[in-house]
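So this block is my_file-v2.csv, CSV, C-alpha atoms:
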chain,number,residue,atom,x,y,z
A,1,MET,CA,23.5,10.9,-14.9
A,2,THR,CA,22.6,12.9,-11.8
A,3,VAL,CA,25.1,13.5,-9.1
A,4,GLN,CA,23.4,14.2,-5.8
A,5,LYS,CA,24.6,16.4,-3.0
A,6,LYS,CA,26.3,14.8,0.0
A,7,GLY,CA,24.3,14.2,3.2
A,8,ASN,CA,23.2,17.0,5.4
A,9,GLY,CA,25.1,15.6,8.4
A,10,VAL,CA,24.6,13.1,11.2
A,11,GLY,CA,21.0,11.9,11.9
A,12,TYR,CA,19.6,9.4,14.4
A,13,LEU,CA,16.9,6.8,14.4
A,14,THR,CA,15.6,6.3,18.0
A,15,LEU,CA,13.4,3.3,18.6
A,16,GLU,CA,10.8,3.1,21.3
A,17,THR,CA,12.6,0.1,22.6
A,18,GLY,CA,15.6,2.3,23.4
A,19,GLU,CA,18.0,1.5,20.5
A,20,VAL,CA,19.6,4.4,18.7
A,21,PHE,CA,21.2,4.2,15.2
A,22,ALA,CA,23.4,6.9,13.8
A,23,GLY,CA,23.8,7.6,10.1
A,24,THR,CA,24.1,10.2,7.4
A,25,LEU,CA,21.0,12.3,6.9
A,26,HIS,CA,19.9,12.9,3.2
A,27,GLY,CA,16.8,14.5,1.8
A,28,ALA,CA,14.8,16.9,4.0
A,29,PRO,CA,16.6,17.5,7.4
A,30,LEU,CA,13.3,17.3,9.2
A,31,LEU,CA,12.3,15.5,12.4
A,32,SER,CA,10.0,12.6,11.3
A,33,TYR,CA,8.3,9.8,13.1
A,34,GLY,CA,6.2,6.7,12.4
A,35,GLU,CA,5.9,2.9,12.5
A,36,VAL,CA,9.2,1.3,11.5
A,37,VAL,CA,8.7,-1.4,8.9
A,38,PHE,CA,10.9,-3.3,6.4
A,39,HIS,CA,10.6,-3.9,2.7
A,40,THR,CA,12.3,-6.9,1.0
A,41,GLY,CA,12.2,-5.9,-2.6
A,42,MET,CA,15.5,-5.5,-4.5
A,43,THR,CA,13.9,-2.8,-6.7
A,44,GLY,CA,10.9,-0.5,-6.6
A,45,TYR,CA,12.0,2.1,-4.1
A,46,GLN,CA,10.4,4.9,-6.2
A,47,GLU,CA,7.1,3.1,-6.1
A,48,VAL,CA,7.5,2.5,-2.3
A,49,MET,CA,8.3,6.2,-1.9
A,50,THR,CA,5.0,7.2,-3.5
A,51,ASP,CA,2.7,4.4,-2.4
A,52,PRO,CA,0.0,5.9,-0.1
A,53,SER,CA,-0.1,2.6,1.8
A,54,PHE,CA,3.2,3.6,3.4
A,55,ALA,CA,1.6,6.7,5.0
A,56,GLY,CA,3.0,7.3,8.5
A,57,GLN,CA,5.7,4.7,8.2
A,58,ILE,CA,9.5,4.7,8.2
A,59,VAL,CA,10.5,2.1,5.6
A,60,THR,CA,13.7,0.1,6.1
A,61,PHE,CA,15.0,-1.5,2.9
A,62,THR,CA,16.6,-4.9,3.5
A,63,TYR,CA,18.4,-4.8,0.1
A,64,PRO,CA,21.8,-3.2,0.9
A,65,LEU,CA,22.1,-0.8,-2.1
A,66,ILE,CA,19.2,1.6,-2.8
A,67,GLY,CA,19.0,4.4,-5.3
A,68,ASN,CA,21.3,3.0,-8.0
A,69,TYR,CA,18.9,3.6,-11.0
A,70,GLY,CA,17.6,7.0,-9.8
A,71,ILE,CA,14.1,8.5,-9.9
A,72,ASN,CA,12.2,8.8,-13.2
A,73,ASP,CA,9.1,10.7,-14.3
A,74,SER,CA,7.0,7.5,-15.0
A,75,ASP,CA,6.9,5.3,-11.9
A,76,TYR,CA,5.2,7.5,-9.3
A,77,GLU,CA,2.3,5.8,-7.5
A,78,ALA,CA,1.0,9.2,-6.2
A,79,ALA,CA,1.8,12.8,-6.8
A,80,GLN,CA,3.1,13.2,-3.2
A,81,PRO,CA,4.8,10.7,-1.0
A,82,ALA,CA,3.1,9.9,2.3
A,83,LEU,CA,5.8,7.9,4.1
A,84,SER,CA,7.6,9.4,7.1
A,85,GLY,CA,11.2,8.4,6.0
A,86,MET,CA,13.5,5.8,4.6
A,87,ILE,CA,16.3,3.8,6.3
A,88,VAL,CA,19.0,2.3,4.0
A,89,SER,CA,22.3,0.6,4.3
A,90,GLU,CA,24.0,2.3,1.3
A,91,LEU,CA,22.5,5.2,-0.6
A,92,CYS,CA,23.8,5.4,-4.2
A,93,GLU,CA,25.0,9.0,-4.8
A,94,GLN,CA,25.6,8.6,-8.6
A,95,PRO,CA,22.6,6.8,-10.1
A,96,SER,CA,22.9,5.6,-13.6
A,97,HIS,CA,19.9,4.8,-15.8
A,98,TYR,CA,18.6,6.2,-19.1
A,99,ARG,CA,15.3,7.2,-17.6
A,100,ALA,CA,16.7,8.8,-14.4
A,101,LYS,CA,16.0,12.4,-13.8
A,102,HIS,CA,16.9,12.8,-10.2
A,103,SER,CA,18.7,10.9,-7.4
A,104,LEU,CA,16.7,9.4,-4.6
A,105,ALA,CA,18.1,12.0,-2.1
A,106,GLU,CA,17.1,14.8,-4.4
A,107,ALA,CA,13.6,13.5,-4.6
A,108,ALA,CA,13.5,13.2,-0.8
A,109,GLU,CA,14.6,16.8,-0.4
A,110,ARG,CA,12.0,17.9,-3.0
A,111,PHE,CA,9.1,16.0,-1.4
A,112,GLY,CA,10.2,16.8,2.2
A,113,PHE,CA,11.1,13.5,3.9
A,114,PRO,CA,14.4,12.2,5.4
A,115,ILE,CA,16.6,9.3,4.3
A,116,LEU,CA,19.0,7.9,6.9
A,117,ALA,CA,21.8,6.1,5.3
A,118,GLY,CA,24.8,4.0,6.6
A,119,ILE,CA,22.5,2.1,8.9
A,120,ASP,CA,22.7,-1.5,10.0
A,121,THR,CA,19.4,-2.4,8.3
A,122,ARG,CA,19.8,-6.1,9.1
A,123,THR,CA,19.7,-5.4,12.8
A,124,ILE,CA,16.6,-3.1,12.5
A,125,THR,CA,14.8,-5.8,10.5
A,126,LYS,CA,15.5,-8.4,13.2
A,127,LEU,CA,14.3,-6.0,15.8
A,128,VAL,CA,11.0,-5.4,13.9
A,129,ARG,CA,10.6,-9.2,13.5
A,130,LYS,CA,11.1,-9.6,17.2
A,131,SER,CA,9.1,-6.7,18.5
A,132,GLY,CA,6.4,-6.6,15.8
A,133,ASP,CA,4.8,-3.1,16.2
A,134,LEU,CA,7.8,-0.9,16.5
A,135,PHE,CA,7.8,2.9,16.5
A,136,GLY,CA,10.7,5.2,15.8
A,137,VAL,CA,11.8,8.8,15.3
A,138,ILE,CA,14.3,10.3,12.9
A,139,ALA,CA,16.0,13.4,14.2
A,140,ASP,CA,19.3,15.3,14.4
A,141,ARG,CA,19.9,14.0,17.9
A,142,PRO,CA,19.1,10.9,19.9
A,143,LEU,CA,15.8,11.1,21.8
A,144,GLY,CA,14.7,9.8,25.2
A,145,ALA,CA,12.0,7.2,25.7
A,146,GLU,CA,9.5,9.8,26.9
A,147,GLU,CA,10.0,11.9,23.8
A,148,VAL,CA,9.5,8.9,21.5
A,149,LEU,CA,6.3,7.9,23.4
A,150,ALA,CA,5.0,11.5,23.0
A,151,PHE,CA,5.5,11.3,19.2
A,152,ARG,CA,3.8,7.9,19.2
A,153,CYS,CA,0.7,9.3,20.9
A,154,LYS,CA,0.6,12.1,18.4
A,155,HIS,CA,1.0,9.7,15.5
A,156,ALA,CA,-2.0,7.6,16.8
A,157,LYS,CA,-4.3,10.5,16.3
A,158,LYS,CA,-3.7,10.8,12.5
A,159,SER,CA,-6.4,9.8,10.1
A,160,LEU,CA,-4.2,8.1,7.5
A,161,VAL,CA,-6.9,7.3,4.8
A,162,ALA,CA,-8.4,10.7,5.0
A,163,ASN,CA,-5.0,12.2,4.5
A,164,VAL,CA,-4.3,10.3,1.3
A,165,SER,CA,-7.7,9.9,-0.4
A,166,CYS,CA,-8.6,12.3,-3.2
A,167,SER,CA,-10.7,15.3,-2.1
A,168,GLN,CA,-13.0,15.4,-5.1
A,169,ILE,CA,-14.3,13.1,-7.9
A,170,GLN,CA,-11.9,12.5,-10.8
A,171,ARG,CA,-13.0,11.2,-14.2
A,172,TYR,CA,-11.0,9.2,-16.8
A,173,PRO,CA,-12.4,8.4,-20.2
A,174,GLY,CA,-12.7,4.9,-21.7
A,175,HIS,CA,-14.9,2.9,-24.1
A,176,ARG,CA,-15.6,-0.2,-22.0
A,177,GLU,CA,-17.0,-0.8,-18.5
A,178,HIS,CA,-17.5,2.1,-16.2
A,179,ILE,CA,-15.8,1.5,-12.8
A,180,VAL,CA,-16.2,3.6,-9.7
A,181,LEU,CA,-12.9,3.4,-7.8
A,182,VAL,CA,-13.2,4.2,-4.1
A,183,ASP,CA,-9.9,5.8,-3.2
A,184,LEU,CA,-8.6,4.6,0.2
A,185,GLY,CA,-5.1,5.5,-0.8
A,186,MET,CA,-5.0,4.3,-4.4
A,187,LYS,CA,-1.8,3.4,-6.3
A,188,GLN,CA,-1.8,4.9,-9.7
A,189,SER,CA,-0.9,1.5,-11.2
A,190,ILE,CA,-4.4,0.3,-10.3
A,191,LEU,CA,-5.9,3.2,-12.3
A,192,HIS,CA,-3.4,2.6,-15.2
A,193,ASN,CA,-4.3,-1.1,-15.4
A,194,LEU,CA,-8.0,-0.3,-15.7
A,195,LEU,CA,-7.4,2.4,-18.3
A,196,GLU,CA,-5.2,0.1,-20.4
A,197,LEU,CA,-8.1,-2.4,-20.4
A,198,GLY,CA,-10.3,0.3,-21.9
A,199,CYS,CA,-12.4,1.0,-18.8
A,200,ARG,CA,-13.9,4.3,-18.0
A,201,VAL,CA,-13.0,5.1,-14.4
A,202,THR,CA,-14.4,7.5,-11.9
A,203,VAL,CA,-12.3,7.9,-8.7
A,204,VAL,CA,-14.2,9.0,-5.7
A,205,PRO,CA,-13.2,10.0,-2.1
A,206,PHE,CA,-13.3,7.2,0.5
A,207,ASP,CA,-16.3,8.7,2.3
A,208,THR,CA,-18.5,9.0,-0.8
A,209,PRO,CA,-22.1,7.9,0.2
A,210,PHE,CA,-23.9,5.1,-1.6
A,211,SER,CA,-26.5,7.4,-3.1
A,212,GLN,CA,-23.7,9.4,-4.8
A,213,ILE,CA,-22.0,6.2,-6.1
A,214,GLN,CA,-25.4,5.0,-7.4
A,215,SER,CA,-25.9,8.3,-9.2
A,216,LEU,CA,-22.7,7.7,-11.2
A,217,GLN,CA,-24.3,4.5,-12.7
A,218,PRO,CA,-21.2,2.3,-12.5
A,219,ASP,CA,-20.9,-1.2,-14.0
A,220,GLY,CA,-18.5,-2.2,-11.2
A,221,LEU,CA,-16.9,-1.0,-8.0
A,222,LEU,CA,-13.3,-1.2,-6.8
A,223,PHE,CA,-12.0,-0.6,-3.3
A,224,SER,CA,-8.3,0.4,-3.5
A,225,ASN,CA,-5.3,-0.2,-1.3
A,226,GLY,CA,-4.5,2.2,1.5
A,227,PRO,CA,-2.8,2.8,4.8
A,228,GLY,CA,-3.6,2.1,8.4
A,229,ASP,CA,-5.8,-0.1,10.6
A,230,PRO,CA,-8.9,-1.3,8.6
A,231,SER,CA,-11.0,-1.4,11.8
A,232,GLU,CA,-10.8,2.4,11.9
A,233,LEU,CA,-13.0,2.4,8.8
A,234,ILE,CA,-15.9,0.4,10.2
A,235,ALA,CA,-18.1,3.4,10.4
A,236,TYR,CA,-18.2,3.6,6.6
A,237,CYS,CA,-18.8,-0.1,6.0
A,238,SER,CA,-22.6,0.0,6.0
A,239,GLU,CA,-22.6,2.5,3.1
A,240,TRP,CA,-19.9,0.6,1.3
A,241,ARG,CA,-21.8,-2.7,1.7
A,242,LYS,CA,-24.9,-1.2,0.0
A,243,ALA,CA,-22.8,-0.5,-3.0
A,244,ALA,CA,-20.9,-3.8,-3.0
A,245,GLU,CA,-24.2,-5.7,-2.9
A,246,LYS,CA,-25.5,-3.8,-5.9
A,247,TYR,CA,-22.5,-3.9,-8.3
A,248,PRO,CA,-19.7,-6.4,-9.2
A,249,THR,CA,-16.9,-5.5,-6.7
A,250,LEU,CA,-13.2,-6.0,-6.4
A,251,GLY,CA,-11.2,-5.1,-3.3
A,252,ILE,CA,-7.4,-4.8,-3.3
A,253,CYS,CA,-5.2,-4.9,-0.1
A,254,LEU,CA,-7.0,-2.5,2.3
A,255,GLY,CA,-10.0,-2.8,0.0
A,256,HIS,CA,-9.9,-6.6,0.6
A,257,GLN,CA,-9.9,-6.1,4.4
A,258,VAL,CA,-12.8,-3.6,4.4
A,259,LEU,CA,-14.8,-6.0,2.3
A,260,ALA,CA,-14.4,-8.6,5.0
A,261,LEU,CA,-15.5,-6.1,7.6
A,262,MET,CA,-18.6,-5.2,5.5
A,263,PHE,CA,-19.8,-8.8,5.8
A,264,GLY,CA,-19.1,-9.2,9.5
A,265,GLY,CA,-15.5,-10.4,9.4
A,266,GLY,CA,-12.6,-9.2,11.5
A,267,THR,CA,-9.0,-8.1,11.0
A,268,GLU,CA,-5.8,-8.2,13.1
A,269,LYS,CA,-2.3,-6.8,12.9
A,270,LEU,CA,0.5,-9.1,11.7
A,271,ALA,CA,3.6,-9.5,13.8
A,272,TYR,CA,5.7,-7.6,11.2
A,273,GLY,CA,3.7,-7.4,7.9
A,274,HIS,CA,4.2,-8.5,4.3
A,275,ARG,CA,6.1,-5.9,2.3
A,276,GLY,CA,8.0,-6.8,-0.8
A,277,SER,CA,7.7,-8.2,-4.3
A,278,ASN,CA,8.3,-12.0,-3.8
A,279,HIS,CA,5.5,-13.3,-1.6
A,280,PRO,CA,4.2,-16.7,-2.7
A,281,VAL,CA,0.4,-17.1,-2.7
A,282,LYS,CA,-1.6,-20.2,-3.5
A,283,GLU,CA,-4.9,-20.2,-5.4
A,284,LEU,CA,-7.0,-22.8,-3.5
A,285,THR,CA,-9.2,-24.0,-6.4
A,286,THR,CA,-6.3,-24.8,-8.7
A,287,GLY,CA,-3.3,-25.3,-6.4
A,288,LYS,CA,-1.3,-22.8,-8.5
A,289,VAL,CA,1.2,-20.6,-6.7
A,290,TYR,CA,1.8,-17.0,-7.7
A,291,MET,CA,4.6,-14.7,-6.8
A,292,THR,CA,3.0,-11.5,-5.6
A,293,SER,CA,3.8,-7.9,-4.6
A,294,GLN,CA,2.5,-7.0,-1.2
A,295,ASN,CA,2.4,-4.2,1.3
A,296,HIS,CA,0.2,-4.6,4.4
A,297,GLY,CA,0.4,-4.9,8.1
A,298,TYR,CA,-3.1,-6.2,8.8
A,299,VAL,CA,-4.9,-9.4,7.6
A,300,VAL,CA,-8.4,-10.8,7.7
A,301,LYS,CA,-9.0,-13.2,10.6
A,302,GLU,CA,-10.3,-16.4,8.9
A,303,GLU,CA,-12.1,-17.7,12.0
A,304,THR,CA,-14.3,-14.5,12.0
A,305,LEU,CA,-15.6,-15.1,8.4
A,306,ASP,CA,-19.2,-16.1,7.9
A,307,LYS,CA,-18.8,-19.1,5.5
A,308,ARG,CA,-22.3,-18.7,4.4
A,309,GLN,CA,-21.2,-15.4,2.8
A,310,LEU,CA,-17.5,-15.4,2.2
A,311,ALA,CA,-15.1,-18.1,1.0
A,312,VAL,CA,-11.3,-18.0,1.0
A,313,THR,CA,-9.8,-18.1,-2.5
A,314,TYR,CA,-6.1,-17.5,-1.9
A,315,ARG,CA,-3.7,-18.3,1.0
A,316,ASN,CA,-0.2,-17.1,1.8
A,317,VAL,CA,2.3,-20.0,1.4
A,318,ASN,CA,4.6,-18.7,4.1
A,319,ASP,CA,2.2,-18.1,7.0
A,320,GLY,CA,-1.2,-19.4,5.8
A,321,SER,CA,-2.9,-16.0,6.1
A,322,VAL,CA,-5.9,-15.1,4.0
A,323,GLU,CA,-4.9,-13.6,0.7
A,324,GLY,CA,-8.3,-13.6,-1.2
A,325,LEU,CA,-12.0,-13.8,-0.7
A,326,ARG,CA,-15.1,-14.3,-2.8
A,327,HIS,CA,-18.8,-13.9,-1.9
A,328,VAL,CA,-20.7,-17.2,-2.3
A,329,SER,CA,-23.6,-15.7,-4.1
A,330,LEU,CA,-22.7,-12.2,-5.3
A,331,PRO,CA,-20.1,-11.0,-7.8
A,332,ILE,CA,-17.7,-9.8,-5.1
A,333,MET,CA,-14.0,-10.7,-4.9
A,334,SER,CA,-11.0,-9.4,-3.1
A,335,VAL,CA,-7.2,-10.0,-2.9
A,336,GLN,CA,-4.7,-9.0,-0.3
A,337,PHE,CA,-1.8,-8.8,-2.8
A,338,HIS,CA,-1.4,-6.3,-5.6
A,339,PRO,CA,-2.4,-7.5,-9.0
A,340,GLU,CA,-1.4,-4.2,-10.6
A,341,ALA,CA,2.2,-5.5,-9.8
A,342,HIS,CA,4.1,-2.3,-10.0
A,343,PRO,CA,6.7,-2.9,-8.6
A,344,GLY,CA,7.0,-6.7,-8.6
A,345,PRO,CA,5.9,-9.7,-10.6
A,346,ASN,CA,2.8,-9.5,-12.9
A,347,ASP,CA,1.7,-13.1,-12.3
A,348,THR,CA,-1.7,-12.0,-11.0
A,349,SER,CA,-2.8,-9.5,-13.6
A,350,HIS,CA,-5.6,-11.9,-14.5
A,351,ILE,CA,-7.4,-10.6,-11.4
A,352,PHE,CA,-8.5,-7.5,-13.4
A,353,HIS,CA,-9.8,-9.7,-16.3
A,354,GLN,CA,-11.8,-11.8,-13.8
A,355,PHE,CA,-13.3,-8.6,-12.4
A,356,LEU,CA,-14.3,-7.3,-15.8
A,357,GLN,CA,-15.7,-10.7,-16.7
A,358,SER,CA,-17.9,-10.6,-13.6
A,359,MET,CA,-19.5,-7.5,-15.0
A,360,ARG,CA,-20.0,-9.0,-18.4
A,361,VAL,CA,-21.6,-12.2,-17.0
A,362,ILE,CA,-24.4,-10.4,-15.3
A,363,GLY,CA,-25.2,-8.6,-18.6
A,364,ALA,CA,-25.3,-5.0,-17.3
A,365,LYS,CA,-24.0,-3.7,-20.6
A,366,HIS,CA,-22.3,-5.0,-23.7
A,367,TYR,CA,-19.1,-3.6,-25.1
A,368,ALA,CA,-17.3,-4.4,-28.3

Could you write out this file's structure as structure tokens?
Amino acid sequence: MTVQKKGNGVGYLTLETGEVFAGTLHGAPLLSYGEVVFHTGMTGYQEVMTDPSFAGQIVTFTYPLIGNYGINDSDYEAAQPALSGMIVSELCEQPSHYRAKHSLAEAAERFGFPILAGIDTRTITKLVRKSGDLFGVIADRPLGAEEVLAFRCKHAKKSLVANVSCSQIQRYPGHREHIVLVDLGMKQSILHNLLELGCRVTVVPFDTPFSQIQSLQPDGLLFSNGPGDPSELIAYCSEWRKAAEKYPTLGICLGHQVLALMFGGGTEKLAYGHRGSNHPVKELTTGKVYMTSQNHGYVVKEETLDKRQLAVTYRNVNDGSVEGLRHVSLPIMSVQFHPEAHPGPNDTSHIFHQFLQSMRVIGAKHYA
């Protein structure tokens, strides 16, 4: 069992709408800013902490007690967290779990981001639901509206995907299909799922040109999850489309959104996003409902899709938004949710098997 240090003192969350929340500051006592979002999962805070899709965001946890099972050495989704901070109601100071190596506050201090505890997270969640796009700053003092606005302008200039994508090609051995994984902010769980299926995986930076992807001779292509507004990646879509039209392709989360953009579709920002591990999604061909893990603030606009090219395969039960697509004539598919399911339910792990099957059907190669 690890006993964490007490908080560093009083900290404040100042929202752009003028509200100020005071709490106890844990982790790194640094000024931090970003979009304020909420996550509804009861567990999975370590995966949230290290999921690159949370880059530039201050994550409010709706579950009241966070940190009770500590931080282990196995459940990291990236080597370095990209989120701006955490807001919790109660931070457990004495975690208890046989795999725990550190407390959450110790991990925050090590990785350099703040946790503000003792906050009315229900009120913040209601404010996010009401305001939608809500920006905030964590500091050791309350800030004025002009200061918060200045930080928001600074935040808008960040290139989120470029900051979290790998900088060079990474190769992982396997005895089955060779998959090139375009890293838009990849969760390690996606890589782990492919490796467990025996795939050989080559992870490439997000801006890798088609010619270089082609030189790697993949059997299939996967566009990963990642942070930010998908429309900021339109400049890369023509190169990505060349690759998607040549190889069986799967897109996950942000990868799903950019696949829609490649084929002329559009995206838009949700009022307050889907972030949690209990989102119901309906498969349209079977009527079956899956419980899914999700983390996204943008969705594909269904009315912008060219139905001669893309068909909707999954739909969100709660709000009817697009949760999956398939190309009508090419082996291209995408899902808005996370089939790697870490954290969250594993109802949709069959997505990876369908992806592998799409490679085998076209007969590119045969594997034992």

Nearest to A:Thr24, restricted to only C-alpha atoms and choosing among A:Leu116, A:Met49, A:Leu91, A:Leu191, comes out as A:Leu116

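Closest to A:Pro331 among A:Leu160, A:Ile252, A:Leu221, A:Leu284 is A:Leu221, based on only C-alpha atoms.
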
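Interatomic distance, atom CA of A:Gly18 against atom CA of A:His296: 25.4 Å.
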
Residues of stretch 140-254 of chain A at most 12 Å from stretch 260-278 of chain A: nearest atom pair and distance in Å, all atoms listed in the file, as JSON lines:
{"residue": "A:Phe223", "atom": "CA", "partner": "A:Ala260", "partner_atom": "CA", "distance": 11.8}
{"residue": "A:Gly228", "atom": "CA", "partner": "A:Lys269", "partner_atom": "CA", "distance": 10.1}
{"residue": "A:Asp229", "atom": "CA", "partner": "A:Lys269", "partner_atom": "CA", "distance": 7.9}
{"residue": "A:Pro230", "atom": "CA", "partner": "A:Thr267", "partner_atom": "CA", "distance": 7.2}
{"residue": "A:Ser231", "atom": "CA", "partner": "A:Thr267", "partner_atom": "CA", "distance": 7.0}
{"residue": "A:Glu232", "atom": "CA", "partner": "A:Leu261", "partner_atom": "CA", "distance": 10.6}
{"residue": "A:Leu233", "atom": "CA", "partner": "A:Leu261", "partner_atom": "CA", "distance": 8.9}
{"residue": "A:Ile234", "atom": "CA", "partner": "A:Leu261", "partner_atom": "CA", "distance": 7.0}
{"residue": "A:Ala235", "atom": "CA", "partner": "A:Met262", "partner_atom": "CA", "distance": 9.9}
{"residue": "A:Tyr236", "atom": "CA", "partner": "A:Met262", "partner_atom": "CA", "distance": 8.9}
{"residue": "A:Cys237", "atom": "CA", "partner": "A:Met262", "partner_atom": "CA", "distance": 5.1}
{"residue": "A:Ser238", "atom": "CA", "partner": "A:Met262", "partner_atom": "CA", "distance": 6.6}
{"residue": "A:Glu239", "atom": "CA", "partner": "A:Met262", "partner_atom": "CA", "distance": 9.0}
{"residue": "A:Trp240", "atom": "CA", "partner": "A:Met262", "partner_atom": "CA", "distance": 7.3}
{"residue": "A:Arg241", "atom": "CA", "partner": "A:Met262", "partner_atom": "CA", "distance": 5.6}
{"residue": "A:Lys242", "atom": "CA", "partner": "A:Met262", "partner_atom": "CA", "distance": 9.3}
{"residue": "A:Ala243", "atom": "CA", "partner": "A:Met262", "partner_atom": "CA", "distance": 10.6}
{"residue": "A:Ala244", "atom": "CA", "partner": "A:Met262", "partner_atom": "CA", "distance": 8.9}
{"residue": "A:Glu245", "atom": "CA", "partner": "A:Met262", "partner_atom": "CA", "distance": 10.1}
{"residue": "A:Leu250", "atom": "CA", "partner": "A:Ala260", "partner_atom": "CA", "distance": 11.8}
{"residue": "A:Gly251", "atom": "CA", "partner": "A:Ala260", "partner_atom": "CA", "distance": 9.6}
{"residue": "A:Ile252", "atom": "CA", "partner": "A:Ala260", "partner_atom": "CA", "distance": 11.5}
{"residue": "A:Cys253", "atom": "CA", "partner": "A:His274", "partner_atom": "CA", "distance": 11.0}
{"residue": "A:Leu254", "atom": "CA", "partner": "A:Ala260", "partner_atom": "CA", "distance": 10.0}

Can you tell me, as a PyMOL selection string, which residues sit within 10 Å of (19.7, 6.5, -18.3) in the file's frame, using only C-alpha atoms?
chain A and resi 1-2+69-70+72+95-101

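Between atom CA of A:Ser89 and atom CA of A:Leu65 the separation is 6.6 Å.
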
Need the shell around A:Val281: protein/DNA/RNA residues with any atom at most 7 Å away, counting all atoms listed in the file. Skip same-chain ones fewer than 5 positions apart. Format as a ChimeraX atom specification?
/A:289-292,314-317

Selection to disk with C-alpha atoms, as a PDB file, keeping the file's coordinate frame:
ATOM      1  CA  VAL A 289       1.200 -20.600  -6.700  1.00  0.00           C
ATOM      2  CA  TYR A 290       1.800 -17.000  -7.700  1.00  0.00           C
ATOM      3  CA  MET A 291       4.600 -14.700  -6.800  1.00  0.00           C
ATOM      4  CA  THR A 292       3.000 -11.500  -5.600  1.00  0.00           C
ATOM      5  CA  TYR A 314      -6.100 -17.500  -1.900  1.00  0.00           C
ATOM      6  CA  ARG A 315      -3.700 -18.300   1.000  1.00  0.00           C
ATOM      7  CA  ASN A 316      -0.200 -17.100   1.800  1.00  0.00           C
ATOM      8  CA  VAL A 317       2.300 -20.000   1.400  1.00  0.00           C
TER       9      VAL A 317
END

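Atom pair atom CA of A:Ala117 / atom CA of A:Lys157 has a distance of 28.7 Å (rounded to one decimal).
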
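Of the listed residues (A:Gly67, A:Pro114, A:Gly144, A:Gly185), A:Pro114 comes nearest to A:Gly27; the distances count all atoms listed in the file.
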
Find the residues near A:Asp120: any atom within 12 Å, counting only C-alpha atoms, skip ones fewer than 3 places away on the same chain, and give them as an MDAnalysis selection string.
chainID A and resid 13 19:23 60:64 87:90 116:117 123:127

Using all atoms listed in the file, which residue out of A:Ile115, A:Cys153, A:Leu325, A:Val148 lies closest to A:Asn8?
A:Ile115

Just add N, CA and C atoms to stretch 185-198 of chain A and send it as an mmCIF file, keeping the file's coordinate frame.
data_model
loop_
_atom_site.group_PDB
_atom_site.id
_atom_site.type_symbol
_atom_site.label_atom_id
_atom_site.label_comp_id
_atom_site.auth_asym_id
_atom_site.auth_seq_id
_atom_site.Cartn_x
_atom_site.Cartn_y
_atom_site.Cartn_z
ATOM 1 N N GLY A 185 -6.510 5.268 -0.767
ATOM 2 C CA GLY A 185 -5.100 5.500 -0.800
ATOM 3 C C GLY A 185 -4.508 4.818 -2.032
ATOM 4 N N MET A 186 -5.143 5.075 -3.146
ATOM 5 C CA MET A 186 -5.000 4.300 -4.400
ATOM 6 C C MET A 186 -3.565 4.490 -4.997
ATOM 7 N N LYS A 187 -2.996 3.371 -5.428
ATOM 8 C CA LYS A 187 -1.800 3.400 -6.300
ATOM 9 C C LYS A 187 -2.224 3.734 -7.704
ATOM 10 N N GLN A 188 -1.451 4.575 -8.355
ATOM 11 C CA GLN A 188 -1.800 4.900 -9.700
ATOM 12 C C GLN A 188 -1.733 3.733 -10.664
ATOM 13 N N SER A 189 -0.969 2.713 -10.313
ATOM 14 C CA SER A 189 -0.900 1.500 -11.200
ATOM 15 C C SER A 189 -2.247 0.828 -11.292
ATOM 16 N N ILE A 190 -3.076 0.889 -10.252
ATOM 17 C CA ILE A 190 -4.400 0.300 -10.300
ATOM 18 C C ILE A 190 -5.216 1.039 -11.411
ATOM 19 N N LEU A 191 -5.194 2.352 -11.341
ATOM 20 C CA LEU A 191 -5.900 3.200 -12.300
ATOM 21 C C LEU A 191 -5.347 2.897 -13.728
ATOM 22 N N HIS A 192 -4.031 2.845 -13.875
ATOM 23 C CA HIS A 192 -3.400 2.600 -15.200
ATOM 24 C C HIS A 192 -3.831 1.282 -15.784
ATOM 25 N N ASN A 193 -3.894 0.237 -14.941
ATOM 26 C CA ASN A 193 -4.300 -1.100 -15.400
ATOM 27 C C ASN A 193 -5.721 -1.054 -15.971
ATOM 28 N N LEU A 194 -6.613 -0.394 -15.263
ATOM 29 C CA LEU A 194 -8.000 -0.300 -15.700
ATOM 30 C C LEU A 194 -8.121 0.484 -17.003
ATOM 31 N N LEU A 195 -7.383 1.577 -17.095
ATOM 32 C CA LEU A 195 -7.400 2.400 -18.300
ATOM 33 C C LEU A 195 -6.846 1.652 -19.492
ATOM 34 N N GLU A 196 -5.781 0.890 -19.272
ATOM 35 C CA GLU A 196 -5.200 0.100 -20.400
ATOM 36 C C GLU A 196 -6.150 -0.958 -20.872
ATOM 37 N N LEU A 197 -7.066 -1.416 -20.021
ATOM 38 C CA LEU A 197 -8.100 -2.400 -20.400
ATOM 39 C C LEU A 197 -9.282 -1.716 -21.086
ATOM 40 N N GLY A 198 -9.223 -0.399 -21.218
ATOM 41 C CA GLY A 198 -10.300 0.300 -21.900
ATOM 42 C C GLY A 198 -11.410 0.808 -21.008
#
